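For reference, data25.cif is printed below; it contains mmCIF, C-alpha atoms; chains and numbers go by the auth columns.
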data_target
loop_
_atom_site.group_PDB
_atom_site.id
_atom_site.type_symbol
_atom_site.label_atom_id
_atom_site.label_comp_id
_atom_site.label_asym_id
_atom_site.label_seq_id
_atom_site.Cartn_x
_atom_site.Cartn_y
_atom_site.Cartn_z
_atom_site.B_iso_or_equiv
_atom_site.auth_seq_id
_atom_site.auth_asym_id
ATOM 1 C CA MET A 1 -24.579 39.155 11.107 0.00 110 A
ATOM 2 C CA SER A 2 -24.018 37.693 7.634 0.00 111 A
ATOM 3 C CA ASP A 3 -24.733 33.986 7.085 0.00 112 A
ATOM 4 C CA CYS A 4 -22.187 33.663 4.284 0.00 113 A
ATOM 5 C CA CYS A 5 -18.960 31.700 4.675 0.00 114 A
ATOM 6 C CA PRO A 6 -15.775 33.549 5.738 0.00 115 A
ATOM 7 C CA PRO A 7 -13.667 34.593 2.716 0.00 116 A
ATOM 8 C CA ASN A 8 -10.823 32.212 3.620 0.00 117 A
ATOM 9 C CA VAL A 9 -13.211 29.220 3.610 0.00 118 A
ATOM 10 C CA VAL A 10 -14.701 30.182 0.253 0.00 119 A
ATOM 11 C CA ARG A 11 -11.226 30.702 -1.184 0.00 120 A
ATOM 12 C CA THR A 12 -10.006 27.334 0.107 0.00 121 A
ATOM 13 C CA VAL A 13 -13.001 25.448 -1.305 0.00 122 A
ATOM 14 C CA SER A 14 -12.625 27.133 -4.693 0.00 123 A
ATOM 15 C CA GLU A 15 -8.922 26.242 -4.814 0.00 124 A
ATOM 16 C CA VAL A 16 -9.215 22.581 -3.742 0.00 125 A
ATOM 17 C CA GLY A 17 -8.754 21.365 -7.310 0.00 126 A
ATOM 18 C CA ASN A 18 -5.459 23.240 -7.575 0.00 127 A
ATOM 19 C CA TYR A 19 -4.243 21.645 -4.348 0.00 128 A
ATOM 20 C CA MET A 20 -5.108 18.125 -5.494 0.00 129 A
ATOM 21 C CA TYR A 21 -3.733 18.396 -9.029 0.00 130 A
ATOM 22 C CA SER A 22 -1.245 20.521 -10.875 0.00 131 A
ATOM 23 C CA ILE A 23 -0.058 20.705 -14.469 0.00 132 A
ATOM 24 C CA SER A 24 3.447 21.214 -15.818 0.00 133 A
ATOM 25 C CA GLU A 25 5.045 20.930 -19.247 0.00 134 A
ATOM 26 C CA LYS A 26 5.814 17.286 -18.408 0.00 135 A
ATOM 27 C CA GLY A 27 2.287 16.259 -17.501 0.00 136 A
ATOM 28 C CA LEU A 28 -0.087 15.774 -14.559 0.00 137 A
ATOM 29 C CA TRP A 29 0.844 15.871 -10.858 0.00 138 A
ATOM 30 C CA LEU A 30 -1.326 14.253 -8.176 0.00 139 A
ATOM 31 C CA ASN A 31 -0.653 15.965 -4.863 0.00 140 A
ATOM 32 C CA LEU A 32 -3.617 14.914 -2.705 0.00 141 A
ATOM 33 C CA TYR A 33 -5.966 11.951 -2.853 0.00 142 A
ATOM 34 C CA GLY A 34 -9.745 11.700 -2.592 0.00 143 A
ATOM 35 C CA GLY A 35 -12.645 10.592 -4.772 0.00 144 A
ATOM 36 C CA ASN A 36 -13.283 13.078 -7.592 0.00 145 A
ATOM 37 C CA ASN A 37 -13.582 13.629 -11.339 0.00 146 A
ATOM 38 C CA LEU A 38 -10.956 15.708 -13.126 0.00 147 A
ATOM 39 C CA SER A 39 -11.522 17.550 -16.395 0.00 148 A
ATOM 40 C CA THR A 40 -8.569 19.699 -17.395 0.00 149 A
ATOM 41 C CA LYS A 41 -6.085 20.478 -20.151 0.00 150 A
ATOM 42 C CA LEU A 42 -2.359 19.861 -20.349 0.00 151 A
ATOM 43 C CA GLU A 43 -0.083 22.809 -21.067 0.00 152 A
ATOM 44 C CA ASP A 44 -0.327 22.228 -24.828 0.00 153 A
ATOM 45 C CA GLY A 45 -4.121 22.448 -24.623 0.00 154 A
ATOM 46 C CA SER A 46 -4.784 18.705 -24.922 0.00 155 A
ATOM 47 C CA PRO A 47 -7.903 17.653 -22.970 0.00 156 A
ATOM 48 C CA LEU A 48 -7.553 15.202 -20.109 0.00 157 A
ATOM 49 C CA LYS A 49 -10.294 13.565 -18.074 0.00 158 A
ATOM 50 C CA LEU A 50 -9.973 11.001 -15.314 0.00 159 A
ATOM 51 C CA LYS A 51 -11.900 9.581 -12.391 0.00 160 A
ATOM 52 C CA GLN A 52 -10.313 8.986 -8.980 0.00 161 A
ATOM 53 C CA GLU A 53 -11.928 6.473 -6.615 0.00 162 A
ATOM 54 C CA THR A 54 -10.602 5.767 -3.129 0.00 163 A
ATOM 55 C CA SER A 55 -11.544 5.401 0.532 0.00 164 A
ATOM 56 C CA TYR A 56 -8.403 7.336 1.523 0.00 165 A
ATOM 57 C CA PRO A 57 -7.469 8.195 4.274 0.00 166 A
ATOM 58 C CA TRP A 58 -9.121 5.042 5.663 0.00 167 A
ATOM 59 C CA GLY A 59 -7.677 2.824 2.935 0.00 168 A
ATOM 60 C CA GLY A 60 -4.453 3.163 0.977 0.00 169 A
ATOM 61 C CA THR A 61 -5.690 2.172 -2.488 0.00 170 A
ATOM 62 C CA ILE A 62 -6.220 4.946 -5.030 0.00 171 A
ATOM 63 C CA ASN A 63 -7.762 3.989 -8.382 0.00 172 A
ATOM 64 C CA LEU A 64 -7.456 6.228 -11.445 0.00 173 A
ATOM 65 C CA GLN A 65 -9.406 5.670 -14.657 0.00 174 A
ATOM 66 C CA PHE A 66 -8.478 7.696 -17.716 0.00 175 A
ATOM 67 C CA ASP A 67 -11.603 8.679 -19.663 0.00 176 A
ATOM 68 C CA GLU A 68 -10.044 11.097 -22.171 0.00 177 A
ATOM 69 C CA VAL A 69 -6.346 11.402 -23.015 0.00 178 A
ATOM 70 C CA PRO A 70 -4.173 13.151 -25.613 0.00 179 A
ATOM 71 C CA GLN A 71 -2.496 11.129 -28.354 0.00 180 A
ATOM 72 C CA LYS A 72 1.045 11.902 -27.268 0.00 181 A
ATOM 73 C CA ALA A 73 2.862 10.489 -24.233 0.00 182 A
ATOM 74 C CA PHE A 74 3.010 12.417 -20.971 0.00 183 A
ATOM 75 C CA PHE A 75 4.023 11.885 -17.345 0.00 184 A
ATOM 76 C CA VAL A 76 1.720 11.151 -14.436 0.00 185 A
ATOM 77 C CA PHE A 77 3.420 12.025 -11.139 0.00 186 A
ATOM 78 C CA LEU A 78 2.028 10.360 -8.007 0.00 187 A
ATOM 79 C CA ARG A 79 2.964 11.789 -4.621 0.00 188 A
ATOM 80 C CA ILE A 80 4.192 9.127 -2.182 0.00 189 A
ATOM 81 C CA PRO A 81 3.512 10.416 1.367 0.00 190 A
ATOM 82 C CA GLY A 82 6.542 10.635 3.625 0.00 191 A
ATOM 83 C CA TRP A 83 4.983 8.191 6.108 0.00 192 A
ATOM 84 C CA CYS A 84 4.646 5.450 3.448 0.00 193 A
ATOM 85 C CA HIS A 85 7.569 3.027 3.222 0.00 194 A
ATOM 86 C CA ASN A 86 6.004 0.479 0.886 0.00 195 A
ATOM 87 C CA ALA A 87 4.060 1.796 -2.108 0.00 196 A
ATOM 88 C CA LYS A 88 3.096 -0.043 -5.292 0.00 197 A
ATOM 89 C CA ILE A 89 1.901 1.249 -8.645 0.00 198 A
ATOM 90 C CA ILE A 90 -0.158 -1.020 -10.881 0.00 199 A
ATOM 91 C CA LEU A 91 -1.132 -0.283 -14.491 0.00 200 A
ATOM 92 C CA ASN A 92 -3.975 -2.293 -15.996 0.00 201 A
ATOM 93 C CA GLY A 93 -3.305 -5.093 -13.517 0.00 202 A
ATOM 94 C CA LYS A 94 0.493 -5.167 -14.023 0.00 203 A
ATOM 95 C CA LEU A 95 2.912 -4.105 -11.295 0.00 204 A
ATOM 96 C CA LEU A 96 5.251 -1.340 -12.501 0.00 205 A
ATOM 97 C CA ALA A 97 8.931 -1.125 -11.568 0.00 206 A
ATOM 98 C CA THR A 98 8.712 2.522 -10.545 0.00 207 A
ATOM 99 C CA LYS A 99 10.836 4.317 -7.976 0.00 208 A
ATOM 100 C CA ASN A 100 8.481 4.777 -5.021 0.00 209 A
ATOM 101 C CA ILE A 101 10.130 6.800 -2.255 0.00 210 A
ATOM 102 C CA GLY A 102 8.231 8.376 0.631 0.00 211 A
ATOM 103 C CA GLY A 103 8.207 12.157 0.393 0.00 212 A
ATOM 104 C CA GLU A 104 8.785 12.132 -3.371 0.00 213 A
ATOM 105 C CA TYR A 105 6.778 11.680 -6.572 0.00 214 A
ATOM 106 C CA ALA A 106 6.707 8.420 -8.500 0.00 215 A
ATOM 107 C CA GLU A 107 6.796 8.866 -12.283 0.00 216 A
ATOM 108 C CA VAL A 108 4.796 6.976 -14.899 0.00 217 A
ATOM 109 C CA LYS A 109 5.278 8.015 -18.523 0.00 218 A
ATOM 110 C CA ARG A 110 3.499 6.421 -21.444 0.00 219 A
ATOM 111 C CA THR A 111 1.123 7.003 -24.296 0.00 220 A
ATOM 112 C CA TRP A 112 -2.107 6.667 -22.388 0.00 221 A
ATOM 113 C CA HIS A 113 -5.287 5.147 -23.730 0.00 222 A
ATOM 114 C CA LYS A 114 -8.926 5.712 -22.865 0.00 223 A
ATOM 115 C CA GLY A 115 -9.923 3.230 -20.173 0.00 224 A
ATOM 116 C CA ASP A 116 -6.410 2.814 -18.731 0.00 225 A
ATOM 117 C CA GLN A 117 -6.496 1.900 -15.035 0.00 226 A
ATOM 118 C CA LEU A 118 -3.693 3.207 -12.828 0.00 227 A
ATOM 119 C CA GLN A 119 -3.639 2.107 -9.201 0.00 228 A
ATOM 120 C CA LEU A 120 -1.534 3.447 -6.348 0.00 229 A
ATOM 121 C CA VAL A 121 -1.383 1.213 -3.268 0.00 230 A
ATOM 122 C CA LEU A 122 -0.025 2.810 -0.094 0.00 231 A
ATOM 123 C CA ASP A 123 0.963 0.600 2.824 0.00 232 A
ATOM 124 C CA MET A 124 -0.803 1.918 5.963 0.00 233 A
ATOM 125 C CA PRO A 125 0.420 0.052 9.057 0.00 234 A
ATOM 126 C CA VAL A 126 -0.259 1.415 12.536 0.00 235 A
ATOM 127 C CA THR A 127 2.877 3.020 13.950 0.00 236 A
ATOM 128 C CA MET A 128 3.910 4.527 17.266 0.00 237 A
ATOM 129 C CA ILE A 129 5.720 7.863 17.112 0.00 238 A
ATOM 130 C CA GLU A 130 7.954 9.393 19.758 0.00 239 A
ATOM 131 C CA ALA A 131 9.246 12.939 20.021 0.00 240 A
ATOM 132 C CA ASN A 132 12.805 14.131 20.495 0.00 241 A
ATOM 133 C CA PRO A 133 13.634 13.720 24.227 0.00 242 A
ATOM 134 C CA LEU A 134 14.446 17.432 24.348 0.00 243 A
ATOM 135 C CA VAL A 135 10.691 17.996 24.135 0.00 244 A
ATOM 136 C CA GLU A 136 10.144 17.546 27.876 0.00 245 A
ATOM 137 C CA GLU A 137 6.334 17.568 27.715 0.00 246 A
ATOM 138 C CA THR A 138 6.256 14.369 25.636 0.00 247 A
ATOM 139 C CA ARG A 139 9.277 12.560 27.034 0.00 248 A
ATOM 140 C CA ASN A 140 8.626 8.808 27.548 0.00 249 A
ATOM 141 C CA GLN A 141 5.343 9.108 25.664 0.00 250 A
ATOM 142 C CA ILE A 142 4.150 8.034 22.243 0.00 251 A
ATOM 143 C CA THR A 143 1.386 8.905 19.847 0.00 252 A
ATOM 144 C CA VAL A 144 -0.291 6.510 17.429 0.00 253 A
ATOM 145 C CA LYS A 145 -0.585 7.048 13.669 0.00 254 A
ATOM 146 C CA ARG A 146 -2.138 5.171 10.778 0.00 255 A
ATOM 147 C CA GLY A 147 -1.438 6.562 7.360 0.00 256 A
ATOM 148 C CA PRO A 148 -1.837 10.351 7.473 0.00 257 A
ATOM 149 C CA LEU A 149 -3.996 10.332 10.622 0.00 258 A
ATOM 150 C CA VAL A 150 -2.926 10.893 14.223 0.00 259 A
ATOM 151 C CA TYR A 151 -5.048 9.173 16.867 0.00 260 A
ATOM 152 C CA CYS A 152 -5.999 10.065 20.415 0.00 261 A
ATOM 153 C CA LEU A 153 -7.667 8.593 23.494 0.00 262 A
ATOM 154 C CA GLU A 154 -10.982 10.072 24.680 0.00 263 A
ATOM 155 C CA SER A 155 -12.425 9.681 28.161 0.00 264 A
ATOM 156 C CA VAL A 156 -15.847 8.838 26.670 0.00 265 A
ATOM 157 C CA ASP A 157 -14.366 5.442 25.746 0.00 266 A
ATOM 158 C CA LEU A 158 -13.213 4.733 29.318 0.00 267 A
ATOM 159 C CA ASP A 159 -15.099 3.989 32.520 0.00 268 A
ATOM 160 C CA LYS A 160 -15.575 6.934 34.846 0.00 269 A
ATOM 161 C CA SER A 161 -12.886 5.731 37.248 0.00 270 A
ATOM 162 C CA THR A 162 -10.182 5.770 34.558 0.00 271 A
ATOM 163 C CA SER A 163 -8.415 8.884 33.338 0.00 272 A
ATOM 164 C CA VAL A 164 -7.006 9.306 29.836 0.00 273 A
ATOM 165 C CA PHE A 165 -3.775 10.270 31.602 0.00 274 A
ATOM 166 C CA GLY A 166 -3.653 6.929 33.436 0.00 275 A
ATOM 167 C CA ILE A 167 -3.330 4.667 30.375 0.00 276 A
ATOM 168 C CA GLY A 168 0.015 3.341 29.153 0.00 277 A
ATOM 169 C CA ILE A 169 0.676 1.780 25.740 0.00 278 A
ATOM 170 C CA PRO A 170 3.221 -1.076 25.526 0.00 279 A
ATOM 171 C CA THR A 171 5.702 -0.944 22.659 0.00 280 A
ATOM 172 C CA THR A 172 4.498 -4.460 21.786 0.00 281 A
ATOM 173 C CA ALA A 173 0.853 -3.365 21.427 0.00 282 A
ATOM 174 C CA GLN A 174 -1.065 -4.827 18.498 0.00 283 A
ATOM 175 C CA PHE A 175 -3.800 -2.648 16.981 0.00 284 A
ATOM 176 C CA LYS A 176 -7.063 -3.800 15.468 0.00 285 A
ATOM 177 C CA ILE A 177 -9.034 -1.709 12.997 0.00 286 A
ATOM 178 C CA ALA A 178 -12.570 -1.068 14.266 0.00 287 A
ATOM 179 C CA PRO A 179 -15.026 0.980 12.149 0.00 288 A
ATOM 180 C CA ILE A 180 -17.561 3.105 14.052 0.00 289 A
ATOM 181 C CA ARG A 181 -19.868 6.029 13.311 0.00 290 A
ATOM 182 C CA ILE A 182 -19.342 9.401 14.979 0.00 291 A
ATOM 183 C CA ASP A 183 -21.604 12.369 14.295 0.00 292 A
ATOM 184 C CA ASN A 184 -23.028 10.751 11.132 0.00 293 A
ATOM 185 C CA SER A 185 -19.547 9.988 9.761 0.00 294 A
ATOM 186 C CA ASN A 186 -18.076 6.525 9.259 0.00 295 A
ATOM 187 C CA ILE A 187 -14.545 6.468 10.604 0.00 296 A
ATOM 188 C CA ILE A 188 -11.834 3.962 11.469 0.00 297 A
ATOM 189 C CA THR A 189 -10.817 3.597 15.115 0.00 298 A
ATOM 190 C CA LEU A 190 -8.004 1.510 16.566 0.00 299 A
ATOM 191 C CA GLN A 191 -8.399 -0.950 19.434 0.00 300 A
ATOM 192 C CA THR A 192 -5.560 -2.358 21.492 0.00 301 A
ATOM 193 C CA THR A 193 -4.697 -3.812 24.885 0.00 302 A
ATOM 194 C CA ALA A 194 -3.131 -1.145 27.085 0.00 303 A
ATOM 195 C CA GLN A 195 -2.219 -0.974 30.746 0.00 304 A
ATOM 196 C CA LYS A 196 -4.026 0.928 33.439 0.00 305 A
ATOM 197 C CA LEU A 197 -1.430 2.789 35.433 0.00 306 A
ATOM 198 C CA ASP A 198 -1.865 2.754 39.187 0.00 307 A
ATOM 199 C CA ASN A 199 -1.760 6.441 39.952 0.00 308 A
ATOM 200 C CA GLY A 200 -3.516 5.881 43.277 0.00 309 A
ATOM 201 C CA HIS A 201 -4.863 8.762 45.341 0.00 310 A
ATOM 202 C CA TRP A 202 -2.931 11.996 45.519 0.00 311 A
ATOM 203 C CA ALA A 203 -5.053 13.873 48.028 0.00 312 A
ATOM 204 C CA HIS A 204 -2.826 16.000 50.268 0.00 313 A
ATOM 205 C CA GLN A 205 0.324 14.437 48.732 0.00 314 A
ATOM 206 C CA LEU A 206 3.009 15.867 46.475 0.00 315 A
ATOM 207 C CA TYR A 207 5.213 12.737 46.484 0.00 316 A
ATOM 208 C CA LYS A 208 4.746 9.040 47.257 0.00 317 A
ATOM 209 C CA GLU A 209 6.454 5.715 46.672 0.00 318 A
ATOM 210 C CA VAL A 210 5.991 4.080 43.279 0.00 319 A
ATOM 211 C CA SER A 211 3.377 1.331 43.353 0.00 320 A
ATOM 212 C CA LYS A 212 4.675 -2.217 42.858 0.00 321 A
ATOM 213 C CA LYS A 213 1.294 -3.691 42.010 0.00 322 A
ATOM 214 C CA PRO A 214 1.120 -5.319 38.557 0.00 323 A
ATOM 215 C CA ALA A 215 -0.546 -3.143 35.959 0.00 324 A
ATOM 216 C CA GLU A 216 -4.109 -4.003 35.004 0.00 325 A
ATOM 217 C CA LYS A 217 -4.699 -4.737 31.332 0.00 326 A
ATOM 218 C CA ILE A 218 -7.472 -2.804 29.655 0.00 327 A
ATOM 219 C CA THR A 219 -8.893 -2.634 26.121 0.00 328 A
ATOM 220 C CA VAL A 220 -8.892 0.898 24.758 0.00 329 A
ATOM 221 C CA ARG A 221 -10.160 2.540 21.599 0.00 330 A
ATOM 222 C CA LEU A 222 -8.309 5.353 19.862 0.00 331 A
ATOM 223 C CA VAL A 223 -10.125 7.758 17.546 0.00 332 A
ATOM 224 C CA PRO A 224 -8.697 10.075 14.876 0.00 333 A
ATOM 225 C CA TYR A 225 -7.564 13.280 16.512 0.00 334 A
ATOM 226 C CA TYR A 226 -9.678 15.428 14.201 0.00 335 A
ATOM 227 C CA ALA A 227 -12.854 13.607 15.349 0.00 336 A
ATOM 228 C CA TRP A 228 -12.548 14.096 19.103 0.00 337 A
ATOM 229 C CA GLY A 229 -15.093 16.181 20.993 0.00 338 A
ATOM 230 C CA ASN A 230 -18.092 15.002 18.956 0.00 339 A
ATOM 231 C CA ARG A 231 -19.575 12.728 21.636 0.00 340 A
ATOM 232 C CA GLY A 232 -20.119 15.201 24.424 0.00 341 A
ATOM 233 C CA HIS A 233 -17.700 16.960 26.737 0.00 342 A
ATOM 234 C CA THR A 234 -14.664 14.708 27.212 0.00 343 A
ATOM 235 C CA GLU A 235 -10.999 14.719 28.103 0.00 344 A
ATOM 236 C CA MET A 236 -8.544 13.791 25.389 0.00 345 A
ATOM 237 C CA SER A 237 -4.867 12.943 25.089 0.00 346 A
ATOM 238 C CA VAL A 238 -2.758 12.485 21.960 0.00 347 A
ATOM 239 C CA TRP A 239 0.440 11.639 23.840 0.00 348 A
ATOM 240 C CA LEU A 240 0.294 8.534 26.037 0.00 349 A
ATOM 241 C CA PRO A 241 2.879 7.023 28.405 0.00 350 A
ATOM 242 C CA VAL A 242 4.920 4.282 26.752 0.00 351 A
ATOM 243 C CA ILE A 243 5.634 0.977 28.508 0.00 352 A
ATOM 244 C CA LYS A 244 8.870 -0.641 27.326 0.00 353 A
#
Show how you would write the structure in this file as structure tokens.
Amino acid sequence: MSDCCPPNVVRTVSEVGNYMYSISEKGLWLNLYGGNNLSTKLEDGSPLKLKQETSYPWGGTINLQFDEVPQKAFFVFLRIPGWCHNAKIILNGKLLATKNIGGEYAEVKRTWHKGDQLQLVLDMPVTMIEANPLVEETRNQITVKRGPLVYCLESVDLDKSTSVFGIGIPTTAQFKIAPIRIDNSNIITLQTTAQKLDNGHWAHQLYKEVSKKPAEKITVRLVPYYAWGNRGHTEMSVWLPVIK
């Protein structure tokens, strides 16, 4: 068996630059964000170099430094993710009055200079998302998002007597950012106070009366969905019962 990467992986890696940036007759388009150095040419052949520094997707601040620019003015288009409702663009320390709408591109046109600093700041609050009630499997459940990342609950973060399917999240839940390390990667988890649902014992029962005991409060940790399954064999749930 060959040890080389599958063709689709090689192709994707080689095309990453084209996914992150694109060029048009108007200027430069930033589609995706992540730390990198760009060396390219505009459509008229003018050289352009910039450095992008960011902790995205953990943080919402993207810093661009222009190291080589053409003499004439051109546009820089910054994609505002659809989940972001409060974005700011700052040029050399001054807030710009740009039109920043989620799901669209903000436009900055000027005659750029070497050393210019352009900063995009994306608001990244924790939000709870619900599905259309016609989706029966997720009715009366929510999932948790922060920025572009969806989070989930793993059984490895619960005691052995608690199931991931027995945890409810109140609509009033407050989430705390908690950095941890999983499989040699530093990631951001979310901690909150949830409720332990009293599912009781269902041995030899198909139906039973609803328990009237008050729900027990429990601190839970949610991890990014992409990172689950890296701490041994565990159960996982993205959709969690909502308590209103």
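Running the PyMOL selection byres ((chain A and resi 170) around 6) on this file leaves Gly168, Gly169, Ile171, Leu229 and Val230 of chain A selected.
Restricting the calculation to all atoms listed in the file, the smallest distance between Thr302 in chain A and any of A:Gly277, A:Gly212, A:Pro234, A:Pro323 is found for A:Gly277.
What separates CA of Ser346 in chain A from CA of Thr301 in chain A is a distance of 15.7 Å.
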| task | Enter the distance from CA of Val273 in chain A to CA of Glu239 in chain A, in Å, rounded to one decimal. | result | 18.0 Å
Listed atoms of range 324-338 of chain A, axis-aligned box, 5 Å per side: centre and edge lengths to one decimal in Å, as JSON?
{"center_x": -7.8, "center_y": 5.7, "center_z": 25.1, "size_x": 24.5, "size_y": 30.9, "size_z": 31.8}
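With distances restricted to all atoms listed in the file, A:Ile278 is the closest residue to Ile352 in chain A from A:Ile278, A:Leu227, A:Ala324, A:Ile291.
Picture a line from CA of Gln300 in chain A to CA of Pro190 in chain A; it runs 24.4 Å.
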Can you turn the PyMOL selection byres ((chain A and resi 157) around 12) into a concrete residue list for this file, as a CSV table (one decimal) with C-alpha atoms, in the frame of the given file?
chain,number,residue,atom,x,y,z
A,132,ILE,CA,-0.1,20.7,-14.5
A,136,GLY,CA,2.3,16.3,-17.5
A,137,LEU,CA,-0.1,15.8,-14.6
A,146,ASN,CA,-13.6,13.6,-11.3
A,147,LEU,CA,-11.0,15.7,-13.1
A,148,SER,CA,-11.5,17.6,-16.4
A,149,THR,CA,-8.6,19.7,-17.4
A,150,LYS,CA,-6.1,20.5,-20.2
A,151,LEU,CA,-2.4,19.9,-20.3
A,152,GLU,CA,-0.1,22.8,-21.1
A,153,ASP,CA,-0.3,22.2,-24.8
A,154,GLY,CA,-4.1,22.4,-24.6
A,155,SER,CA,-4.8,18.7,-24.9
A,156,PRO,CA,-7.9,17.7,-23.0
A,158,LYS,CA,-10.3,13.6,-18.1
A,159,LEU,CA,-10.0,11.0,-15.3
A,160,LYS,CA,-11.9,9.6,-12.4
A,174,GLN,CA,-9.4,5.7,-14.7
A,175,PHE,CA,-8.5,7.7,-17.7
A,176,ASP,CA,-11.6,8.7,-19.7
A,177,GLU,CA,-10.0,11.1,-22.2
A,178,VAL,CA,-6.3,11.4,-23.0
A,179,PRO,CA,-4.2,13.2,-25.6
A,180,GLN,CA,-2.5,11.1,-28.4
A,181,LYS,CA,1.0,11.9,-27.3
A,183,PHE,CA,3.0,12.4,-21.0
A,185,VAL,CA,1.7,11.2,-14.4
A,221,TRP,CA,-2.1,6.7,-22.4
A,222,HIS,CA,-5.3,5.1,-23.7
A,223,LYS,CA,-8.9,5.7,-22.9
